[in-house]
Amino acid sequence: MTLEQQAGPLIRTDNFIDGRWVPAQRNRQFAVTNPATGERIALVADSSAADARAATDAAARALPHWRARLPAERAAVLRRWHALILANQDALGALISLEQGKPLAEGRGEVAYGASYVAWFADEATRIYGDLIPAQQRGKKMSAVKEPVGVVAAITPWNFPLAMIARKIAPALAAGCTVVGKPAEDTPLTALALVQLAHEAGVPPGVLNLITSSREMAVETVADWLADSRVRKITFTGSTPVGKYLARESAGTLKKLSLELGGNAPFIVFDDADLDAAVEGLLAAKFRNGGQTCVCPNRVYVQAGVYERFAALLSTRVAALRVGPASDDASQIGPMINLRAVDKIARHVDDALQHGATVLTGGSRLSALGAHYYAPTVLGDANATMALCAEETFGPVVPLFRFDSEQQAVEAANDTPFGLAAYFYSQDLRRIERVSRALEAGIVGINEGGLSSEAAPFGGVKESGYGREGSKYGLDDYLSIKYLCQGGLE
Ligand code: NAP
């Protein structure tokens, strides 16, 4: 069966507002294309401010009813949604691969990963505790209770079309909030399919609303939510400049914000590391989704004593990676999401070569496969003057930087405005303790390349944003604390 045939039954193209599929009010559409071939998959609603307003109206109307549901009732709806997502794993995985380009095994893996947040927050819904506070005066009772923040606007990127939106909707619904959402222009179909399954799972009309828009209309559409005081929270995953823009523009109505933004992850290999494990960890962390992940290592620092050996081991493995479309089961690296992405990768590699880097493997577009393909690449002799040291490359390129001392490595790793993920490999317990503390990042992988888990707090520091997704902390972003003070009890 082709990807199109597998995904077909789940394809929806209208907005989902107040429990119904409706076209954009001005009746416009935009095309969603397969990045592997450039072929059109579907035409979907190109929304404007009027659609955003209709979604907020529905979410605001539904809020009192949804927040009044018992936590166990909200949990039951989330569990049914989780079961439906897993029952449709193959079709959803195919849809992700079709519109986003990642290999099919990764597409299916993303479905399981995204679903795990729904199961997690179904359980957490029933554990929203408050506190009884020891009173400071006689005759008083003081307590703190947690309440849903209200209507939440969720705005998501294209690199994980299912997981990024699932891990926002699930805690929001668990907390008793209602949601208006907008997925990325490149990958709206998976989010629309997810909403259809939520509807089938019994999410009541108005509780979850999703509108789609072209990149051209994104500003106008989202601006309506930023200005609307009924929207009490923005949860955003995407680039740092857009995160800053949303923080600025929503200041007028002082919303609660969760910002999961860009990274520039360092990956440090010390002389005392298990080099085979470090190569495996780097391959897993770097090449998932073709290097298009916010936590993927962007700068790899290797201590001088093991530099040559590590570079040789890594280059051999990277040269063997299979590049191709998701429709080919053997593909390990798919196409990049769009031409802008490939152009940025090529610009970074060209700039690195001009500043003294050497190509150890790869280093060019794979135009014979299509316009969106770039070869998995390892560059030697990278240095801090290169653009790829300062910016996320967001592609399958590993630059190797040589260092001498631990202090040098930590200083270089922290020399960035970003602070999402960081990784290091060492077998020295004292060094592990020192470096874990010294790295300025929200997430640190120690002798480990795979970090993501619904049970763990995911999020950054510095200009990688604030707020945490997943874990026991993840619900707090969707709750506000109300202090109750009762007097006259004695
Ligand atoms: P992006 O350009 O910031 O877009 C993210 C979302 O915001 C999309 O839905 C986009 O719509 C929308 N958007 C863009 N400009 C907007 C504006 N002015 N007003 C309102 N909405 C706007 O990011 P991206 O290129 O899709 O994603 C890649 C970035 O996300 C990378 O920097 C990556 O590191 C980051 N990321 C972070 C995490 C994390 O957890 N920290 C996870 C994944 C990705 P359009 O698609 O229509 O432009």
# chains A, B, ... in the order shown; residues from 1 in each chain; ligands from 1
$ select_by_dssp --residues "region 6-132 of chain A" --states "alpha helix (DSSP H)" --output "ChimeraX atom specification"
/A:6-7,49-68,71-87,89-100,104-124
$ residues_near_ligand --ligand "ligand 1" --cutoff "6 Å" --atoms "only C-alpha atoms and all ligand atoms" --output "PyMOL selection string"
chain A and resi 155-158+183-186+214-215+218-219+222+237-239+242+260-263+293-294+459
$ closest_residue --among "A:Lys256, A:Asp428, A:Leu313, A:Lys141" --to "Glu490 (chain A)" --atoms "only C-alpha atoms"
A:Lys141
$ closest_atom_pairs --of "region 96-212 of chain A" --to "region 60-64 of chain A" --cutoff "7 Å" --atoms "only C-alpha atoms" --output "CSV"
residue,atom,partner,partner_atom,distance
A:Gly150,CA,A:Leu63,CA,6.9
A:Val151,CA,A:Ala60,CA,6.4
A:Cys177,CA,A:Leu63,CA,6.5
A:Thr178,CA,A:Leu63,CA,5.7
A:Gly206,CA,A:Ala62,CA,5.2
A:Val207,CA,A:Ala62,CA,5.6
$ select_by_dssp --residues "region 139-371 of chain A" --states "strand (DSSP E)" --output "VMD selection string"
chain A and resid 141 to 148 151 to 155 178 to 182 208 to 210 231 to 237 256 to 260 265 to 269 297 to 303 358 to 361
$ residues_around --residues "Arg232 (chain A)" --least-positions-apart "4" --cutoff "12 Å" --atoms "only C-alpha atoms" --output "ChimeraX atom specification"
/A:56,59-60,63,148-154,172,177-180,225-228,250-258,477-480
$ closest_residue --among "A:Asp51, A:Glu147, A:Glu448, A:Glu469" --to "Asn209 (chain A)" --atoms "only C-alpha atoms"
A:Asp51
$ closest_atom_pairs --of "region 369-445 of chain A" --to "region 345-361 of chain A" --cutoff "12 Å" --atoms "only C-alpha atoms" --output "CSV"
residue,atom,partner,partner_atom,distance
A:His372,CA,A:Ile345,CA,10.7
A:Tyr373,CA,A:Ile345,CA,10.3
A:Tyr374,CA,A:Ile345,CA,8.0
A:Ala375,CA,A:Thr361,CA,8.5
A:Pro376,CA,A:Thr361,CA,7.5
A:Thr377,CA,A:Thr361,CA,5.3
A:Val378,CA,A:Thr361,CA,5.3
A:Leu379,CA,A:Val359,CA,4.7
A:Gly380,CA,A:Thr358,CA,5.0
A:Asp381,CA,A:Ala357,CA,5.0
A:Ala382,CA,A:Ala357,CA,5.2
A:Asn383,CA,A:Ala357,CA,7.8
A:Ala384,CA,A:His355,CA,9.5
A:Thr385,CA,A:His355,CA,7.1
A:Met386,CA,A:Ala352,CA,5.3
A:Ala387,CA,A:His348,CA,6.0
A:Leu388,CA,A:His348,CA,5.6
A:Cys389,CA,A:Ala352,CA,9.2
A:Ala390,CA,A:His348,CA,10.3
A:Glu391,CA,A:His348,CA,8.9
A:Glu392,CA,A:Ile345,CA,9.5
A:Thr393,CA,A:Ile345,CA,5.9
A:Phe394,CA,A:Ile345,CA,7.4
A:Gly395,CA,A:Ile345,CA,6.2
A:Pro396,CA,A:Ile345,CA,8.3
A:Val397,CA,A:Ile345,CA,7.7
A:Val398,CA,A:Thr361,CA,9.9
A:Pro399,CA,A:Ala357,CA,8.3
A:Leu400,CA,A:Ala357,CA,9.0
A:Phe401,CA,A:Ala357,CA,9.6
A:Arg402,CA,A:Ala357,CA,11.6
$ write_last_selection --atoms "N, CA and C atoms" --output "CSV table (one decimal), in the first residue's frame"
chain,number,residue,atom,x,y,z
A,372,HIS,N,15.0,18.5,-2.3
A,372,HIS,CA,15.0,18.7,-0.8
A,372,HIS,C,16.0,17.8,-0.1
A,373,TYR,N,16.9,17.2,-0.8
A,373,TYR,CA,17.8,16.2,-0.2
A,373,TYR,C,19.2,16.8,0.0
A,374,TYR,N,19.8,16.5,1.2
A,374,TYR,CA,21.2,16.9,1.5
A,374,TYR,C,21.9,15.7,2.1
A,375,ALA,N,23.1,15.5,1.7
A,375,ALA,CA,23.9,14.3,2.1
A,375,ALA,C,24.2,14.4,3.6
A,376,PRO,N,24.1,13.3,4.4
A,376,PRO,CA,24.6,13.3,5.7
A,376,PRO,C,26.1,13.7,5.7
A,377,THR,N,26.5,14.7,6.5
A,377,THR,CA,27.8,15.3,6.4
A,377,THR,C,28.5,15.4,7.7
A,378,VAL,N,29.8,15.1,7.7
A,378,VAL,CA,30.7,15.4,8.8
A,378,VAL,C,31.8,16.4,8.3
A,379,LEU,N,31.9,17.5,9.1
A,379,LEU,CA,33.0,18.5,8.8
A,379,LEU,C,34.0,18.4,9.9
A,380,GLY,N,35.3,18.4,9.5
A,380,GLY,CA,36.4,18.5,10.5
A,380,GLY,C,36.8,19.9,10.7
A,381,ASP,N,37.6,20.2,11.7
A,381,ASP,CA,38.3,21.5,11.9
A,381,ASP,C,37.3,22.7,12.0
A,382,ALA,N,36.2,22.5,12.6
A,382,ALA,CA,35.2,23.6,12.8
A,382,ALA,C,35.7,24.5,13.8
A,383,ASN,N,35.3,25.8,13.7
A,383,ASN,CA,35.7,26.8,14.7
A,383,ASN,C,34.6,27.8,14.9
A,384,ALA,N,34.8,28.7,15.9
A,384,ALA,CA,33.7,29.5,16.4
A,384,ALA,C,33.4,30.7,15.4
A,385,THR,N,34.2,30.9,14.4
A,385,THR,CA,33.8,31.9,13.4
A,385,THR,C,32.8,31.5,12.4
A,386,MET,N,32.4,30.2,12.4
A,386,MET,CA,31.5,29.7,11.4
A,386,MET,C,30.0,29.9,11.8
A,387,ALA,N,29.2,30.2,10.8
A,387,ALA,CA,27.8,30.4,11.1
A,387,ALA,C,27.1,29.2,11.8
A,388,LEU,N,27.6,28.0,11.4
A,388,LEU,CA,27.0,26.8,12.1
A,388,LEU,C,27.3,26.7,13.5
A,389,CYS,N,28.2,27.5,14.0
A,389,CYS,CA,28.5,27.5,15.5
A,389,CYS,C,27.4,28.4,16.2
A,390,ALA,N,27.0,29.4,15.5
A,390,ALA,CA,26.1,30.4,16.2
A,390,ALA,C,24.6,30.0,16.0
A,391,GLU,N,24.3,29.4,14.8
A,391,GLU,CA,22.9,29.2,14.4
A,391,GLU,C,22.6,27.7,14.4
A,392,GLU,N,21.3,27.3,14.6
A,392,GLU,CA,20.9,25.9,14.4
A,392,GLU,C,21.0,25.6,12.9
A,393,THR,N,21.6,24.6,12.5
A,393,THR,CA,21.7,24.2,11.1
A,393,THR,C,20.4,23.5,10.7
A,394,PHE,N,19.8,22.7,11.6
A,394,PHE,CA,18.5,22.0,11.3
A,394,PHE,C,18.6,21.1,10.1
A,395,GLY,N,19.7,20.3,10.1
A,395,GLY,CA,19.9,19.4,9.0
A,395,GLY,C,21.0,18.4,9.3
A,396,PRO,N,21.3,17.5,8.4
A,396,PRO,CA,22.2,16.3,8.7
A,396,PRO,C,23.7,16.7,8.7
A,397,VAL,N,24.1,17.7,9.4
A,397,VAL,CA,25.5,18.2,9.3
A,397,VAL,C,26.1,18.1,10.7
A,398,VAL,N,27.2,17.4,10.8
A,398,VAL,CA,27.9,17.4,12.1
A,398,VAL,C,29.3,18.1,12.0
A,399,PRO,N,29.4,19.2,12.6
A,399,PRO,CA,30.8,19.9,12.6
A,399,PRO,C,31.5,19.5,13.9
A,400,LEU,N,32.8,19.1,13.7
A,400,LEU,CA,33.6,18.6,14.8
A,400,LEU,C,34.6,19.7,15.2
A,401,PHE,N,34.6,20.1,16.5
A,401,PHE,CA,35.4,21.2,17.0
A,401,PHE,C,36.4,20.4,17.9
A,402,ARG,N,37.7,20.8,17.8
A,402,ARG,CA,38.7,20.1,18.7
A,402,ARG,C,38.9,21.0,19.9
$ residues_around --residues "Glu406 (chain A)" --least-positions-apart "2" --cutoff "10 Å" --atoms "only C-alpha atoms" --output "PDB file with N, CA, C and O atoms, in the first residue's frame"
ATOM      1  N   ILE A 268      29.676  16.930  23.772  1.00  0.00           N
ATOM      2  CA  ILE A 268      31.101  16.924  24.121  1.00  0.00           C
ATOM      3  C   ILE A 268      31.578  15.487  24.303  1.00  0.00           C
ATOM      4  O   ILE A 268      30.951  14.705  25.026  1.00  0.00           O
ATOM      5  N   PHE A 270      34.759  13.570  25.749  1.00  0.00           N
ATOM      6  CA  PHE A 270      36.017  13.708  26.479  1.00  0.00           C
ATOM      7  C   PHE A 270      36.940  12.525  26.165  1.00  0.00           C
ATOM      8  O   PHE A 270      36.488  11.460  25.720  1.00  0.00           O
ATOM      9  N   ASP A 271      38.228  12.737  26.455  1.00  0.00           N
ATOM     10  CA  ASP A 271      39.229  11.690  26.210  1.00  0.00           C
ATOM     11  C   ASP A 271      38.868  10.372  26.882  1.00  0.00           C
ATOM     12  O   ASP A 271      39.222   9.303  26.399  1.00  0.00           O
ATOM     13  N   GLN A 303      37.698  15.999  22.392  1.00  0.00           N
ATOM     14  CA  GLN A 303      38.987  16.293  23.024  1.00  0.00           C
ATOM     15  C   GLN A 303      40.128  15.792  22.125  1.00  0.00           C
ATOM     16  O   GLN A 303      40.002  14.755  21.446  1.00  0.00           O
ATOM     17  N   PHE A 403      39.054  20.322  21.119  1.00  0.00           N
ATOM     18  CA  PHE A 403      39.364  21.105  22.337  1.00  0.00           C
ATOM     19  C   PHE A 403      40.410  20.367  23.166  1.00  0.00           C
ATOM     20  O   PHE A 403      40.626  19.162  22.999  1.00  0.00           O
ATOM     21  N   ASP A 404      41.039  21.137  24.094  1.00  0.00           N
ATOM     22  CA  ASP A 404      42.078  20.543  24.932  1.00  0.00           C
ATOM     23  C   ASP A 404      41.608  20.265  26.362  1.00  0.00           C
ATOM     24  O   ASP A 404      41.757  19.173  26.857  1.00  0.00           O
ATOM     25  N   GLN A 408      37.744  24.552  28.742  1.00  0.00           N
ATOM     26  CA  GLN A 408      37.564  25.074  27.377  1.00  0.00           C
ATOM     27  C   GLN A 408      36.257  24.533  26.760  1.00  0.00           C
ATOM     28  O   GLN A 408      35.484  25.277  26.150  1.00  0.00           O
ATOM     29  N   ALA A 409      36.005  23.246  26.959  1.00  0.00           N
ATOM     30  CA  ALA A 409      34.817  22.621  26.353  1.00  0.00           C
ATOM     31  C   ALA A 409      33.545  23.206  26.945  1.00  0.00           C
ATOM     32  O   ALA A 409      32.596  23.538  26.220  1.00  0.00           O
ATOM     33  N   VAL A 410      33.524  23.354  28.279  1.00  0.00           N
ATOM     34  CA  VAL A 410      32.313  23.867  28.928  1.00  0.00           C
ATOM     35  C   VAL A 410      32.076  25.321  28.521  1.00  0.00           C
ATOM     36  O   VAL A 410      30.942  25.726  28.228  1.00  0.00           O
ATOM     37  N   GLU A 411      33.152  26.115  28.468  1.00  0.00           N
ATOM     38  CA  GLU A 411      32.984  27.520  28.068  1.00  0.00           C
ATOM     39  C   GLU A 411      32.447  27.624  26.646  1.00  0.00           C
ATOM     40  O   GLU A 411      31.546  28.405  26.359  1.00  0.00           O
ATOM     41  N   ALA A 412      32.993  26.807  25.754  1.00  0.00           N
ATOM     42  CA  ALA A 412      32.532  26.844  24.361  1.00  0.00           C
ATOM     43  C   ALA A 412      31.074  26.380  24.274  1.00  0.00           C
ATOM     44  O   ALA A 412      30.248  26.978  23.575  1.00  0.00           O
ATOM     45  N   ARG A 431      34.021  14.105  36.925  1.00  0.00           N
ATOM     46  CA  ARG A 431      33.805  14.997  35.771  1.00  0.00           C
ATOM     47  C   ARG A 431      32.310  15.042  35.418  1.00  0.00           C
ATOM     48  O   ARG A 431      31.759  16.098  35.113  1.00  0.00           O
ATOM     49  N   ARG A 434      30.688  17.458  37.733  1.00  0.00           N
ATOM     50  CA  ARG A 434      31.080  18.861  37.468  1.00  0.00           C
ATOM     51  C   ARG A 434      30.410  19.392  36.204  1.00  0.00           C
ATOM     52  O   ARG A 434      29.818  20.462  36.191  1.00  0.00           O
ATOM     53  N   VAL A 435      30.518  18.612  35.126  1.00  0.00           N
ATOM     54  CA  VAL A 435      30.047  19.114  33.831  1.00  0.00           C
ATOM     55  C   VAL A 435      28.518  19.196  33.803  1.00  0.00           C
ATOM     56  O   VAL A 435      27.945  20.137  33.249  1.00  0.00           O
TER      57      VAL A 435
END
$ atom_distance --atom1 "CA of Ala413 (chain A)" --atom2 "CA of Cys296 (chain A)"
13.9 Å
$ atom_distance --atom1 "CA of Gly305 (chain A)" --atom2 "CA of Leu275 (chain A)"
11.6 Å
$ residues_around --residues "Val145 (chain A)" --least-positions-apart "3" --cutoff "8 Å" --atoms "only C-alpha atoms" --output "number ranges by chain"
A: 129-131, 481-484
$ write_last_selection --atoms "C-alpha atoms" --output "short mmCIF file (atom, residue, chain, number, x, y, z; two decimals), in the first residue's frame"
data_model
loop_
_atom_site.label_atom_id
_atom_site.label_comp_id
_atom_site.auth_asym_id
_atom_site.auth_seq_id
_atom_site.Cartn_x
_atom_site.Cartn_y
_atom_site.Cartn_z
CA TYR A 129 -3.68 18.53 44.25
CA GLY A 130 -3.84 21.72 46.25
CA ASP A 131 -2.49 22.48 49.73
CA ILE A 481 -3.07 28.84 41.90
CA LYS A 482 -5.96 30.34 43.83
CA TYR A 483 -5.43 31.13 47.51
CA LEU A 484 -8.54 30.75 49.70
#
$ closest_atom_pairs --of "region 161-225 of chain A" --to "region 8-27 of chain A" --cutoff "7 Å" --atoms "only C-alpha atoms" --output "JSON lines"
{"residue": "A:Leu189", "atom": "CA", "partner": "A:Ile11", "partner_atom": "CA", "distance": 6.4}
{"residue": "A:Leu192", "atom": "CA", "partner": "A:Arg12", "partner_atom": "CA", "distance": 6.0}
{"residue": "A:Ala193", "atom": "CA", "partner": "A:Leu10", "partner_atom": "CA", "distance": 5.4}
{"residue": "A:Pro204", "atom": "CA", "partner": "A:Gly19", "partner_atom": "CA", "distance": 7.0}
{"residue": "A:Pro205", "atom": "CA", "partner": "A:Gly19", "partner_atom": "CA", "distance": 4.0}
{"residue": "A:Gly206", "atom": "CA", "partner": "A:Asp18", "partner_atom": "CA", "distance": 3.9}
{"residue": "A:Asn209", "atom": "CA", "partner": "A:Ile17", "partner_atom": "CA", "distance": 4.8}
{"residue": "A:Leu210", "atom": "CA", "partner": "A:Phe16", "partner_atom": "CA", "distance": 5.1}
{"residue": "A:Ile211", "atom": "CA", "partner": "A:Asn15", "partner_atom": "CA", "distance": 4.7}
{"residue": "A:Thr212", "atom": "CA", "partner": "A:Asn15", "partner_atom": "CA", "distance": 6.4}
$ closest_residue --among "A:Ile234, A:Ala438, A:Ala175, A:Ala265" --to "Arg74 (chain A)" --atoms "only C-alpha atoms"
A:Ala175
$ atom_distance --atom1 "CA of Ser436 (chain A)" --atom2 "CA of Leu451 (chain A)"
14.5 Å
